[in-house]
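Raw contents of entry-v5.pdb, PDB, C-alpha atoms:
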MODEL        1
ATOM      1  CA  MET A  42     168.769-148.430 -20.145
ATOM      2  CA  SER A  43     171.083-146.932 -17.555
ATOM      3  CA  PHE A  44     173.442-149.390 -15.900
ATOM      4  CA  ASP A  45     173.292-150.060 -12.165
ATOM      5  CA  PRO A  46     176.055-152.275 -10.682
ATOM      6  CA  ALA A  47     173.506-153.432  -8.075
ATOM      7  CA  SER A  48     171.550-155.095 -10.891
ATOM      8  CA  LEU A  49     174.286-157.702 -11.349
ATOM      9  CA  THR A  50     174.152-161.105  -9.681
ATOM     10  CA  TYR A  51     176.899-161.546  -7.099
ATOM     11  CA  ASN A  52     177.844-164.735  -5.288
ATOM     12  CA  ASP A  53     177.413-165.289  -1.555
ATOM     13  CA  ALA A  54     180.607-163.312  -0.941
ATOM     14  CA  GLY A  55     179.225-160.363  -2.931
ATOM     15  CA  LEU A  56     181.585-161.017  -5.851
ATOM     16  CA  ILE A  57     181.259-161.480  -9.600
ATOM     17  CA  PRO A  58     183.956-162.987 -11.860
ATOM     18  CA  ALA A  59     185.539-160.620 -14.373
ATOM     19  CA  ILE A  60     187.445-161.898 -17.398
ATOM     20  CA  ALA A  61     190.083-159.485 -18.675
ATOM     21  CA  GLN A  62     190.704-159.649 -22.409
ATOM     22  CA  ASP A  63     193.259-157.595 -24.282
ATOM     23  CA  ARG A  64     191.833-155.672 -27.209
ATOM     24  CA  ASP A  65     193.866-157.961 -29.513
ATOM     25  CA  GLY A  66     191.758-160.892 -28.270
ATOM     26  CA  THR A  67     194.150-162.501 -25.774
ATOM     27  CA  VAL A  68     192.432-163.630 -22.580
ATOM     28  CA  LEU A  69     194.711-162.277 -19.858
ATOM     29  CA  MET A  70     193.257-163.309 -16.504
ATOM     30  CA  LEU A  71     190.168-163.826 -14.397
ATOM     31  CA  ALA A  72     189.669-161.973 -11.131
ATOM     32  CA  TRP A  73     186.744-160.879  -8.977
ATOM     33  CA  MET A  74     184.859-157.631  -8.435
ATOM     34  CA  ASN A  75     182.298-156.453  -5.953
ATOM     35  CA  ALA A  76     179.722-153.775  -6.785
ATOM     36  CA  GLU A  77     182.032-150.993  -5.667
ATOM     37  CA  SER A  78     184.867-152.395  -7.855
ATOM     38  CA  VAL A  79     182.530-152.265 -10.832
ATOM     39  CA  THR A  80     181.630-148.648 -10.043
ATOM     40  CA  ARG A  81     185.251-147.619  -9.550
ATOM     41  CA  THR A  82     186.359-149.359 -12.751
ATOM     42  CA  LEU A  83     183.735-147.527 -14.778
ATOM     43  CA  GLN A  84     184.363-144.187 -13.088
ATOM     44  CA  THR A  85     188.155-144.219 -13.222
ATOM     45  CA  GLY A  86     188.802-146.260 -16.373
ATOM     46  CA  ARG A  87     191.376-148.227 -14.335
ATOM     47  CA  VAL A  88     190.358-151.835 -13.865
ATOM     48  CA  THR A  89     189.852-152.385 -10.135
ATOM     49  CA  TYR A  90     189.256-155.852  -8.737
ATOM     50  CA  TRP A  91     188.533-157.085  -5.244
ATOM     51  CA  SER A  92     191.452-159.109  -3.894
ATOM     52  CA  ARG A  93     190.014-162.105  -2.065
ATOM     53  CA  SER A  94     193.345-162.923  -0.399
ATOM     54  CA  ARG A  95     193.946-159.376   0.849
ATOM     55  CA  ALA A  96     190.242-158.499   1.282
ATOM     56  CA  ALA A  97     190.920-155.118  -0.293
ATOM     57  CA  PHE A  98     190.408-153.227  -3.522
ATOM     58  CA  TRP A  99     193.039-154.115  -6.075
ATOM     59  CA  VAL A 100     193.736-151.434  -8.626
ATOM     60  CA  LYS A 101     195.461-153.668 -11.166
ATOM     61  CA  GLY A 102     199.049-152.553 -11.687
ATOM     62  CA  GLU A 103     199.071-150.091  -8.791
ATOM     63  CA  SER A 104     202.318-151.516  -7.448
ATOM     64  CA  SER A 105     203.730-153.233 -10.563
ATOM     65  CA  GLY A 106     202.823-150.530 -13.074
ATOM     66  CA  HIS A 107     201.116-153.208 -15.175
ATOM     67  CA  VAL A 108     197.835-151.327 -15.316
ATOM     68  CA  GLN A 109     194.726-152.192 -17.237
ATOM     69  CA  ARG A 110     192.953-149.292 -18.898
ATOM     70  CA  LEU A 111     189.302-150.099 -19.439
ATOM     71  CA  VAL A 112     188.254-150.117 -23.068
ATOM     72  CA  GLU A 113     184.788-151.580 -22.514
ATOM     73  CA  MET A 114     182.889-153.523 -19.868
ATOM     74  CA  ARG A 115     180.388-156.163 -20.960
ATOM     75  CA  VAL A 116     177.795-158.135 -19.000
ATOM     76  CA  ASP A 117     176.722-161.676 -19.809
ATOM     77  CA  CYS A 118     173.174-162.945 -20.381
ATOM     78  CA  ASP A 119     172.780-164.153 -16.791
ATOM     79  CA  ARG A 120     174.291-160.950 -15.398
ATOM     80  CA  ASP A 121     176.631-163.059 -13.264
ATOM     81  CA  CYS A 122     179.879-162.563 -15.181
ATOM     82  CA  LEU A 123     181.747-159.593 -16.629
ATOM     83  CA  LEU A 124     184.090-159.286 -19.583
ATOM     84  CA  VAL A 125     186.422-156.318 -19.427
ATOM     85  CA  ILE A 126     188.194-155.412 -22.633
ATOM     86  CA  VAL A 127     191.422-153.710 -21.630
ATOM     87  CA  GLU A 128     194.554-152.052 -22.827
ATOM     88  CA  GLN A 129     197.185-153.901 -20.805
ATOM     89  CA  THR A 130     200.494-152.269 -19.933
ATOM     90  CA  GLY A 131     203.215-154.909 -19.537
ATOM     91  CA  PRO A 132     202.437-158.483 -18.533
ATOM     92  CA  ALA A 133     199.080-159.184 -16.878
ATOM     93  CA  CYS A 134     200.330-162.156 -14.831
ATOM     94  CA  HIS A 135     202.295-161.824 -11.599
ATOM     95  CA  THR A 136     204.753-164.378 -13.098
ATOM     96  CA  ASN A 137     205.628-161.697 -15.678
ATOM     97  CA  ARG A 138     203.899-163.534 -18.475
ATOM     98  CA  ARG A 139     201.539-161.718 -20.768
ATOM     99  CA  SER A 140     198.585-163.918 -19.740
ATOM    100  CA  CYS A 141     197.881-166.063 -16.682
ATOM    101  CA  PHE A 142     196.834-168.904 -18.997
ATOM    102  CA  TYR A 143     200.315-170.018 -19.981
ATOM    103  CA  THR A 144     199.899-173.723 -19.246
ATOM    104  CA  ALA A 145     198.225-175.884 -21.878
ATOM    105  CA  ILE A 146     197.092-179.472 -21.483
ATOM    106  CA  ARG A 147     198.388-181.409 -24.474
ATOM    107  CA  ASP A 148     198.222-185.216 -24.729
ATOM    108  CA  GLY A 149     197.564-185.429 -21.005
ATOM    109  CA  ALA A 150     200.595-183.354 -20.046
ATOM    110  CA  GLU A 151     201.113-179.782 -18.885
ATOM    111  CA  VAL A 152     203.036-177.697 -21.397
ATOM    112  CA  GLU A 153     204.241-174.155 -20.810
ATOM    113  CA  ILE A 154     203.315-172.162 -23.891
ATOM    114  CA  MET A 155     204.393-168.668 -22.846
ATOM    115  CA  ALA A 156     207.678-167.463 -21.332
ATOM    116  CA  PRO A 157     208.047-164.686 -18.765
ATOM    117  CA  GLU A 158     208.800-161.295 -20.307
ATOM    118  CA  PRO A 159     212.171-159.733 -19.556
ATOM    119  CA  ASP A 160     212.098-157.159 -16.752
TER
ATOM    120  CA  MET B 213     204.389-183.164 -16.246
ATOM    121  CA  SER B 214     201.261-185.239 -16.563
ATOM    122  CA  PHE B 215     198.039-183.408 -15.824
ATOM    123  CA  ASP B 216     195.794-184.443 -12.949
ATOM    124  CA  PRO B 217     192.395-182.690 -12.659
ATOM    125  CA  ALA B 218     192.618-183.193  -8.872
ATOM    126  CA  SER B 219     195.596-180.801  -8.854
ATOM    127  CA  LEU B 220     193.322-177.860  -9.687
ATOM    128  CA  THR B 221     191.892-175.586  -7.010
ATOM    129  CA  TYR B 222     188.117-175.870  -6.758
ATOM    130  CA  ASN B 223     185.781-173.687  -4.724
ATOM    131  CA  ASP B 224     183.769-174.886  -1.723
ATOM    132  CA  ALA B 225     181.216-176.404  -4.102
ATOM    133  CA  GLY B 226     183.958-178.363  -5.889
ATOM    134  CA  LEU B 227     183.791-176.159  -8.990
ATOM    135  CA  ILE B 228     186.233-174.171 -11.113
ATOM    136  CA  PRO B 229     185.245-171.430 -13.581
ATOM    137  CA  ALA B 230     185.908-172.204 -17.250
ATOM    138  CA  ILE B 231     186.053-169.457 -19.861
ATOM    139  CA  ALA B 232     185.133-170.635 -23.357
ATOM    140  CA  GLN B 233     186.884-168.774 -26.150
ATOM    141  CA  ASP B 234     186.335-169.383 -29.851
ATOM    142  CA  ARG B 235     189.518-170.042 -31.780
ATOM    143  CA  ASP B 236     188.959-166.699 -33.560
ATOM    144  CA  GLY B 237     189.399-164.973 -30.175
ATOM    145  CA  THR B 238     185.771-164.253 -29.273
ATOM    146  CA  VAL B 239     185.004-164.902 -25.600
ATOM    147  CA  LEU B 240     181.799-166.920 -25.744
ATOM    148  CA  MET B 241     180.745-167.683 -22.171
ATOM    149  CA  LEU B 242     181.811-168.624 -18.678
ATOM    150  CA  ALA B 243     180.507-171.750 -16.988
ATOM    151  CA  TRP B 244     181.656-174.116 -14.261
ATOM    152  CA  MET B 245     183.317-177.525 -14.157
ATOM    153  CA  ASN B 246     184.005-180.049 -11.456
ATOM    154  CA  ALA B 247     186.940-182.465 -11.611
ATOM    155  CA  GLU B 248     184.899-185.066 -13.480
ATOM    156  CA  SER B 249     183.785-182.423 -16.046
ATOM    157  CA  VAL B 250     187.430-181.614 -16.670
ATOM    158  CA  THR B 251     188.218-185.303 -17.166
ATOM    159  CA  ARG B 252     185.257-185.866 -19.484
ATOM    160  CA  THR B 253     186.061-182.750 -21.539
ATOM    161  CA  LEU B 254     189.613-183.934 -22.097
ATOM    162  CA  GLN B 255     188.624-187.526 -22.795
ATOM    163  CA  THR B 256     185.738-186.836 -25.168
ATOM    164  CA  GLY B 257     186.821-183.565 -26.779
ATOM    165  CA  ARG B 258     183.269-182.310 -26.124
ATOM    166  CA  VAL B 259     183.212-179.460 -23.629
ATOM    167  CA  THR B 260     181.273-180.661 -20.593
ATOM    168  CA  TYR B 261     180.343-178.284 -17.784
ATOM    169  CA  TRP B 262     178.587-178.818 -14.475
ATOM    170  CA  SER B 263     175.195-177.146 -14.461
ATOM    171  CA  ARG B 264     174.743-175.508 -11.068
ATOM    172  CA  SER B 265     171.001-174.983 -11.620
ATOM    173  CA  ARG B 266     170.337-178.573 -12.684
ATOM    174  CA  ALA B 267     173.100-180.104 -10.536
ATOM    175  CA  ALA B 268     174.058-182.316 -13.458
ATOM    176  CA  PHE B 269     176.716-182.690 -16.127
ATOM    177  CA  TRP B 270     176.057-180.386 -19.046
ATOM    178  CA  VAL B 271     177.475-181.544 -22.342
ATOM    179  CA  LYS B 272     177.310-178.211 -24.102
ATOM    180  CA  GLY B 273     174.989-178.410 -27.108
ATOM    181  CA  GLU B 274     173.620-181.850 -26.241
ATOM    182  CA  SER B 275     170.040-180.649 -26.704
ATOM    183  CA  SER B 276     170.561-177.553 -28.885
ATOM    184  CA  GLY B 277     173.196-179.004 -31.186
ATOM    185  CA  HIS B 278     175.380-175.995 -30.413
ATOM    186  CA  VAL B 279     178.322-178.107 -29.350
ATOM    187  CA  GLN B 280     181.793-177.011 -28.377
ATOM    188  CA  ARG B 281     184.628-179.129 -29.666
ATOM    189  CA  LEU B 282     187.683-178.753 -27.470
ATOM    190  CA  VAL B 283     190.704-177.331 -29.254
ATOM    191  CA  GLU B 284     192.830-176.813 -26.142
ATOM    192  CA  MET B 285     192.411-176.522 -22.388
ATOM    193  CA  ARG B 286     194.622-174.106 -20.471
ATOM    194  CA  VAL B 287     195.141-173.625 -16.737
ATOM    195  CA  ASP B 288     195.908-170.286 -15.096
ATOM    196  CA  CYS B 289     198.828-169.469 -12.785
ATOM    197  CA  ASP B 290     196.767-170.001  -9.618
ATOM    198  CA  ARG B 291     195.249-173.222 -10.987
ATOM    199  CA  ASP B 292     191.793-171.903 -10.058
ATOM    200  CA  CYS B 293     190.503-170.996 -13.519
ATOM    201  CA  LEU B 294     190.399-172.729 -16.904
ATOM    202  CA  LEU B 295     190.403-171.362 -20.429
ATOM    203  CA  VAL B 296     188.943-173.688 -23.025
ATOM    204  CA  ILE B 297     189.648-172.832 -26.628
ATOM    205  CA  VAL B 298     186.775-174.263 -28.648
ATOM    206  CA  GLU B 299     185.328-174.729 -32.059
ATOM    207  CA  GLN B 300     181.751-173.555 -31.489
ATOM    208  CA  THR B 301     178.915-174.859 -33.622
ATOM    209  CA  GLY B 302     176.113-172.273 -33.856
ATOM    210  CA  PRO B 303     175.544-169.652 -31.167
ATOM    211  CA  ALA B 304     177.048-170.282 -27.724
ATOM    212  CA  CYS B 305     174.379-168.320 -25.825
ATOM    213  CA  HIS B 306     170.938-169.696 -24.985
ATOM    214  CA  THR B 307     169.531-166.406 -26.363
ATOM    215  CA  ASN B 308     170.831-167.531 -29.781
ATOM    216  CA  ARG B 309     173.575-164.965 -29.804
ATOM    217  CA  ARG B 310     177.097-165.954 -30.706
ATOM    218  CA  SER B 311     178.423-164.904 -27.284
ATOM    219  CA  CYS B 312     176.792-164.433 -23.890
ATOM    220  CA  PHE B 313     178.587-161.075 -23.583
ATOM    221  CA  TYR B 314     176.270-159.116 -25.872
ATOM    222  CA  THR B 315     175.579-156.210 -23.512
ATOM    223  CA  ALA B 316     178.141-153.410 -23.331
ATOM    224  CA  ILE B 317     178.215-150.574 -20.823
ATOM    225  CA  ARG B 318     178.712-147.349 -22.757
ATOM    226  CA  ASP B 319     178.404-143.888 -21.190
ATOM    227  CA  GLY B 320     176.631-145.419 -18.205
ATOM    228  CA  ALA B 321     174.010-147.197 -20.290
ATOM    229  CA  GLU B 322     173.464-150.796 -21.366
ATOM    230  CA  VAL B 323     173.807-151.251 -25.120
ATOM    231  CA  GLU B 324     173.059-154.460 -26.992
ATOM    232  CA  ILE B 325     175.968-155.031 -29.356
ATOM    233  CA  MET B 326     175.028-158.427 -30.808
ATOM    234  CA  ALA B 327     171.745-159.640 -32.306
ATOM    235  CA  PRO B 328     170.347-163.173 -32.017
ATOM    236  CA  GLU B 329     171.228-165.382 -34.964
ATOM    237  CA  PRO B 330     168.374-166.576 -37.204
ATOM    238  CA  ASP B 331     167.148-170.098 -36.393
TER
ENDMDL
END
Starting from the file, give its structure as structure tokens.
Amino acid sequence: MSFDPASLTYNDAGLIPAIAQDRDGTVLMLAWMNAESVTRTLQTGRVTYWSRSRAAFWVKGESSGHVQRLVEMRVDCDRDCLLVIVEQTGPACHTNRRSCFYTAIRDGAEVEIMAPEPD
Amino acid sequence: MSFDPASLTYNDAGLIPAIAQDRDGTVLMLAWMNAESVTRTLQTGRVTYWSRSRAAFWVKGESSGHVQRLVEMRVDCDRDCLLVIVEQTGPACHTNRRSCFYTAIRDGAEVEIMAPEPD
């Protein structure tokens, strides 16, 4: 069946959450896409989100160089979430850590489990 | 630093997306939590979402038996997304597949990459 980005379920703002996972299994980040982001990501192979704060397309790594090359896009059973398997160049997080999920909750406390990478 | 669920950033509906990942690295599903879901998940060790369709707490697997035991909860850099590492009993998806992300987009077409597990 051919894939149509319009067939996905978007929220009231026209957005769908996209989980980025490195091909080694590490969950890197979650960001949002609109239908045009989905189309551009598939067409260009460069993961392209919609920045809610800037209200603009966000070609991941365009300014930092920390690009995400699309390996595969997957859709969930409810068609309201995406999983993008990526090849990540450099750290995915704007704090220079490999993943945005660097804070664990252990015994009721926040513990940093990942250090920033050297520049 | 001690962790307070109220310190997370929730959307207008009071919810935060939670990505469930099996400890082997497989991304299983994305669902939503409110602050009380976060508290209950940490206190009980049973992953507890908020069902938007039923407007009720959703102790994953309560009816199906396909429970998620919490291994570790992680918070992202913006504090507006959670990653829950889980030990999943049985399939995570209501379609009886291990993961909800069983549809891949390949060459512009939808391809089913995961079969339902036998009952």
Specify as a PyMOL selection string each residue included when the PyMOL selection byres ((chain B) within 7 of (chain A)) is applied to this file. chain B and resi 213-215+237-238+284-289+312-317+320-322
What's the separation between CA of Thr50 in chain A and CA of Ser265 in chain B, in Å to one decimal place? 14.4 Å
Given the file shown, determine the residues that the PyMOL selection byres ((chain B and resi 272) around 12) selects; report them as a ChimeraX atom specification. /B:232,241-245,249,252-253,257-263,268-271,273-282,298-306
With distances taken over all atoms listed in the file, which residue among A:Asn75, A:Asp160, A:Thr80, A:Ala96 lies nearest Asp53 in chain A? A:Asn75
Can I have chain A aligned to chain B? Use a least-squares fit on all Cα atoms paired in order and write it out as a PDB file with C-alpha atoms, in the frame of the given file.
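Contents of selection07.pdb, freshly written:
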ATOM      1  CA  MET A  42     204.406-183.147 -16.249  1.00  0.00           C
ATOM      2  CA  SER A  43     201.268-185.235 -16.563  1.00  0.00           C
ATOM      3  CA  PHE A  44     198.040-183.401 -15.818  1.00  0.00           C
ATOM      4  CA  ASP A  45     195.795-184.447 -12.939  1.00  0.00           C
ATOM      5  CA  PRO A  46     192.393-182.690 -12.658  1.00  0.00           C
ATOM      6  CA  ALA A  47     192.627-183.191  -8.873  1.00  0.00           C
ATOM      7  CA  SER A  48     195.596-180.802  -8.854  1.00  0.00           C
ATOM      8  CA  LEU A  49     193.326-177.861  -9.685  1.00  0.00           C
ATOM      9  CA  THR A  50     191.889-175.584  -7.016  1.00  0.00           C
ATOM     10  CA  TYR A  51     188.114-175.880  -6.758  1.00  0.00           C
ATOM     11  CA  ASN A  52     185.781-173.685  -4.737  1.00  0.00           C
ATOM     12  CA  ASP A  53     183.775-174.878  -1.740  1.00  0.00           C
ATOM     13  CA  ALA A  54     181.219-176.398  -4.116  1.00  0.00           C
ATOM     14  CA  GLY A  55     183.964-178.370  -5.888  1.00  0.00           C
ATOM     15  CA  LEU A  56     183.782-176.155  -8.984  1.00  0.00           C
ATOM     16  CA  ILE A  57     186.230-174.172 -11.094  1.00  0.00           C
ATOM     17  CA  PRO A  58     185.252-171.433 -13.583  1.00  0.00           C
ATOM     18  CA  ALA A  59     185.905-172.198 -17.245  1.00  0.00           C
ATOM     19  CA  ILE A  60     186.044-169.455 -19.867  1.00  0.00           C
ATOM     20  CA  ALA A  61     185.134-170.630 -23.360  1.00  0.00           C
ATOM     21  CA  GLN A  62     186.879-168.771 -26.162  1.00  0.00           C
ATOM     22  CA  ASP A  63     186.337-169.382 -29.848  1.00  0.00           C
ATOM     23  CA  ARG A  64     189.522-170.045 -31.776  1.00  0.00           C
ATOM     24  CA  ASP A  65     188.967-166.697 -33.555  1.00  0.00           C
ATOM     25  CA  GLY A  66     189.403-164.964 -30.180  1.00  0.00           C
ATOM     26  CA  THR A  67     185.773-164.242 -29.260  1.00  0.00           C
ATOM     27  CA  VAL A  68     185.008-164.892 -25.597  1.00  0.00           C
ATOM     28  CA  LEU A  69     181.795-166.915 -25.739  1.00  0.00           C
ATOM     29  CA  MET A  70     180.742-167.679 -22.171  1.00  0.00           C
ATOM     30  CA  LEU A  71     181.801-168.616 -18.671  1.00  0.00           C
ATOM     31  CA  ALA A  72     180.508-171.754 -16.987  1.00  0.00           C
ATOM     32  CA  TRP A  73     181.663-174.116 -14.252  1.00  0.00           C
ATOM     33  CA  MET A  74     183.317-177.529 -14.157  1.00  0.00           C
ATOM     34  CA  ASN A  75     184.003-180.051 -11.459  1.00  0.00           C
ATOM     35  CA  ALA A  76     186.938-182.471 -11.618  1.00  0.00           C
ATOM     36  CA  GLU A  77     184.894-185.063 -13.471  1.00  0.00           C
ATOM     37  CA  SER A  78     183.782-182.427 -16.041  1.00  0.00           C
ATOM     38  CA  VAL A  79     187.427-181.619 -16.676  1.00  0.00           C
ATOM     39  CA  THR A  80     188.221-185.313 -17.170  1.00  0.00           C
ATOM     40  CA  ARG A  81     185.256-185.872 -19.474  1.00  0.00           C
ATOM     41  CA  THR A  82     186.052-182.768 -21.532  1.00  0.00           C
ATOM     42  CA  LEU A  83     189.614-183.927 -22.095  1.00  0.00           C
ATOM     43  CA  GLN A  84     188.626-187.525 -22.790  1.00  0.00           C
ATOM     44  CA  THR A  85     185.740-186.845 -25.157  1.00  0.00           C
ATOM     45  CA  GLY A  86     186.818-183.567 -26.772  1.00  0.00           C
ATOM     46  CA  ARG A  87     183.267-182.300 -26.113  1.00  0.00           C
ATOM     47  CA  VAL A  88     183.212-179.461 -23.621  1.00  0.00           C
ATOM     48  CA  THR A  89     181.267-180.667 -20.583  1.00  0.00           C
ATOM     49  CA  TYR A  90     180.344-178.288 -17.787  1.00  0.00           C
ATOM     50  CA  TRP A  91     178.605-178.820 -14.480  1.00  0.00           C
ATOM     51  CA  SER A  92     175.191-177.150 -14.464  1.00  0.00           C
ATOM     52  CA  ARG A  93     174.739-175.508 -11.075  1.00  0.00           C
ATOM     53  CA  SER A  94     171.002-174.982 -11.620  1.00  0.00           C
ATOM     54  CA  ARG A  95     170.335-178.576 -12.684  1.00  0.00           C
ATOM     55  CA  ALA A  96     173.104-180.123 -10.536  1.00  0.00           C
ATOM     56  CA  ALA A  97     174.057-182.336 -13.463  1.00  0.00           C
ATOM     57  CA  PHE A  98     176.705-182.696 -16.131  1.00  0.00           C
ATOM     58  CA  TRP A  99     176.053-180.390 -19.044  1.00  0.00           C
ATOM     59  CA  VAL A 100     177.471-181.556 -22.333  1.00  0.00           C
ATOM     60  CA  LYS A 101     177.308-178.203 -24.107  1.00  0.00           C
ATOM     61  CA  GLY A 102     174.994-178.405 -27.106  1.00  0.00           C
ATOM     62  CA  GLU A 103     173.614-181.841 -26.249  1.00  0.00           C
ATOM     63  CA  SER A 104     170.042-180.649 -26.696  1.00  0.00           C
ATOM     64  CA  SER A 105     170.552-177.554 -28.889  1.00  0.00           C
ATOM     65  CA  GLY A 106     173.202-179.008 -31.191  1.00  0.00           C
ATOM     66  CA  HIS A 107     175.385-175.989 -30.405  1.00  0.00           C
ATOM     67  CA  VAL A 108     178.328-178.112 -29.331  1.00  0.00           C
ATOM     68  CA  GLN A 109     181.782-176.999 -28.362  1.00  0.00           C
ATOM     69  CA  ARG A 110     184.626-179.132 -29.657  1.00  0.00           C
ATOM     70  CA  LEU A 111     187.678-178.754 -27.463  1.00  0.00           C
ATOM     71  CA  VAL A 112     190.687-177.330 -29.249  1.00  0.00           C
ATOM     72  CA  GLU A 113     192.830-176.815 -26.150  1.00  0.00           C
ATOM     73  CA  MET A 114     192.410-176.533 -22.392  1.00  0.00           C
ATOM     74  CA  ARG A 115     194.609-174.109 -20.467  1.00  0.00           C
ATOM     75  CA  VAL A 116     195.141-173.614 -16.736  1.00  0.00           C
ATOM     76  CA  ASP A 117     195.912-170.288 -15.095  1.00  0.00           C
ATOM     77  CA  CYS A 118     198.830-169.470 -12.784  1.00  0.00           C
ATOM     78  CA  ASP A 119     196.779-170.014  -9.622  1.00  0.00           C
ATOM     79  CA  ARG A 120     195.260-173.224 -10.990  1.00  0.00           C
ATOM     80  CA  ASP A 121     191.811-171.909 -10.064  1.00  0.00           C
ATOM     81  CA  CYS A 122     190.510-171.010 -13.524  1.00  0.00           C
ATOM     82  CA  LEU A 123     190.392-172.727 -16.907  1.00  0.00           C
ATOM     83  CA  LEU A 124     190.395-171.353 -20.432  1.00  0.00           C
ATOM     84  CA  VAL A 125     188.945-173.690 -23.022  1.00  0.00           C
ATOM     85  CA  ILE A 126     189.640-172.828 -26.629  1.00  0.00           C
ATOM     86  CA  VAL A 127     186.779-174.267 -28.646  1.00  0.00           C
ATOM     87  CA  GLU A 128     185.316-174.730 -32.057  1.00  0.00           C
ATOM     88  CA  GLN A 129     181.749-173.552 -31.494  1.00  0.00           C
ATOM     89  CA  THR A 130     178.893-174.860 -33.618  1.00  0.00           C
ATOM     90  CA  GLY A 131     176.114-172.261 -33.854  1.00  0.00           C
ATOM     91  CA  PRO A 132     175.555-169.646 -31.165  1.00  0.00           C
ATOM     92  CA  ALA A 133     177.067-170.266 -27.726  1.00  0.00           C
ATOM     93  CA  CYS A 134     174.387-168.318 -25.825  1.00  0.00           C
ATOM     94  CA  HIS A 135     170.951-169.705 -24.995  1.00  0.00           C
ATOM     95  CA  THR A 136     169.536-166.403 -26.377  1.00  0.00           C
ATOM     96  CA  ASN A 137     170.832-167.529 -29.792  1.00  0.00           C
ATOM     97  CA  ARG A 138     173.585-164.958 -29.823  1.00  0.00           C
ATOM     98  CA  ARG A 139     177.099-165.947 -30.716  1.00  0.00           C
ATOM     99  CA  SER A 140     178.440-164.902 -27.291  1.00  0.00           C
ATOM    100  CA  CYS A 141     176.806-164.433 -23.892  1.00  0.00           C
ATOM    101  CA  PHE A 142     178.577-161.072 -23.577  1.00  0.00           C
ATOM    102  CA  TYR A 143     176.277-159.112 -25.857  1.00  0.00           C
ATOM    103  CA  THR A 144     175.577-156.207 -23.510  1.00  0.00           C
ATOM    104  CA  ALA A 145     178.136-153.411 -23.323  1.00  0.00           C
ATOM    105  CA  ILE A 146     178.219-150.575 -20.820  1.00  0.00           C
ATOM    106  CA  ARG A 147     178.710-147.357 -22.765  1.00  0.00           C
ATOM    107  CA  ASP A 148     178.397-143.893 -21.187  1.00  0.00           C
ATOM    108  CA  GLY A 149     176.627-145.420 -18.207  1.00  0.00           C
ATOM    109  CA  ALA A 150     174.005-147.202 -20.295  1.00  0.00           C
ATOM    110  CA  GLU A 151     173.460-150.794 -21.379  1.00  0.00           C
ATOM    111  CA  VAL A 152     173.803-151.256 -25.124  1.00  0.00           C
ATOM    112  CA  GLU A 153     173.062-154.466 -26.993  1.00  0.00           C
ATOM    113  CA  ILE A 154     175.960-155.046 -29.357  1.00  0.00           C
ATOM    114  CA  MET A 155     175.035-158.431 -30.822  1.00  0.00           C
ATOM    115  CA  ALA A 156     171.743-159.641 -32.316  1.00  0.00           C
ATOM    116  CA  PRO A 157     170.339-163.160 -32.025  1.00  0.00           C
ATOM    117  CA  GLU A 158     171.215-165.384 -34.979  1.00  0.00           C
ATOM    118  CA  PRO A 159     168.373-166.568 -37.191  1.00  0.00           C
ATOM    119  CA  ASP A 160     167.139-170.078 -36.386  1.00  0.00           C
TER     120      ASP A 160
END
Written record: range 151-159 of chain A, N, CA, C and O atoms, as a PDB file, in the first residue's frame:
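The resulting file, selection-v5.pdb, is reproduced below:
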ATOM      1  N   GLU A 151      17.117  12.697  40.845  1.00  0.00           N
ATOM      2  CA  GLU A 151      17.557  12.851  39.463  1.00  0.00           C
ATOM      3  C   GLU A 151      19.066  12.599  39.385  1.00  0.00           C
ATOM      4  O   GLU A 151      19.832  13.212  40.127  1.00  0.00           O
ATOM      5  N   VAL A 152      19.446  11.739  38.476  1.00  0.00           N
ATOM      6  CA  VAL A 152      20.852  11.370  38.319  1.00  0.00           C
ATOM      7  C   VAL A 152      21.246  11.575  36.864  1.00  0.00           C
ATOM      8  O   VAL A 152      20.573  11.073  35.959  1.00  0.00           O
ATOM      9  N   GLU A 153      22.328  12.296  36.652  1.00  0.00           N
ATOM     10  CA  GLU A 153      22.801  12.501  35.275  1.00  0.00           C
ATOM     11  C   GLU A 153      23.606  11.275  34.862  1.00  0.00           C
ATOM     12  O   GLU A 153      24.604  10.933  35.510  1.00  0.00           O
ATOM     13  N   ILE A 154      23.184  10.638  33.779  1.00  0.00           N
ATOM     14  CA  ILE A 154      23.814   9.373  33.402  1.00  0.00           C
ATOM     15  C   ILE A 154      24.637   9.486  32.117  1.00  0.00           C
ATOM     16  O   ILE A 154      25.145   8.488  31.617  1.00  0.00           O
ATOM     17  N   MET A 155      24.766  10.695  31.606  1.00  0.00           N
ATOM     18  CA  MET A 155      25.462  10.873  30.322  1.00  0.00           C
ATOM     19  C   MET A 155      26.114  12.247  30.333  1.00  0.00           C
ATOM     20  O   MET A 155      25.448  13.243  30.634  1.00  0.00           O
ATOM     21  N   ALA A 156      27.400  12.315  30.023  1.00  0.00           N
ATOM     22  CA  ALA A 156      28.115  13.597  30.039  1.00  0.00           C
ATOM     23  C   ALA A 156      28.091  14.221  28.646  1.00  0.00           C
ATOM     24  O   ALA A 156      27.960  13.516  27.646  1.00  0.00           O
ATOM     25  N   PRO A 157      28.220  15.552  28.587  1.00  0.00           N
ATOM     26  CA  PRO A 157      28.337  16.193  27.272  1.00  0.00           C
ATOM     27  C   PRO A 157      29.581  15.680  26.544  1.00  0.00           C
ATOM     28  O   PRO A 157      30.591  15.374  27.186  1.00  0.00           O
ATOM     29  N   GLU A 158      29.494  15.585  25.236  1.00  0.00           N
ATOM     30  CA  GLU A 158      30.662  15.185  24.440  1.00  0.00           C
ATOM     31  C   GLU A 158      31.574  16.385  24.270  1.00  0.00           C
ATOM     32  O   GLU A 158      31.121  17.530  24.252  1.00  0.00           O
ATOM     33  N   PRO A 159      32.876  16.134  24.149  1.00  0.00           N
ATOM     34  CA  PRO A 159      33.796  17.253  23.918  1.00  0.00           C
ATOM     35  C   PRO A 159      33.522  17.882  22.565  1.00  0.00           C
ATOM     36  O   PRO A 159      33.123  17.191  21.629  1.00  0.00           O
TER      37      PRO A 159
END
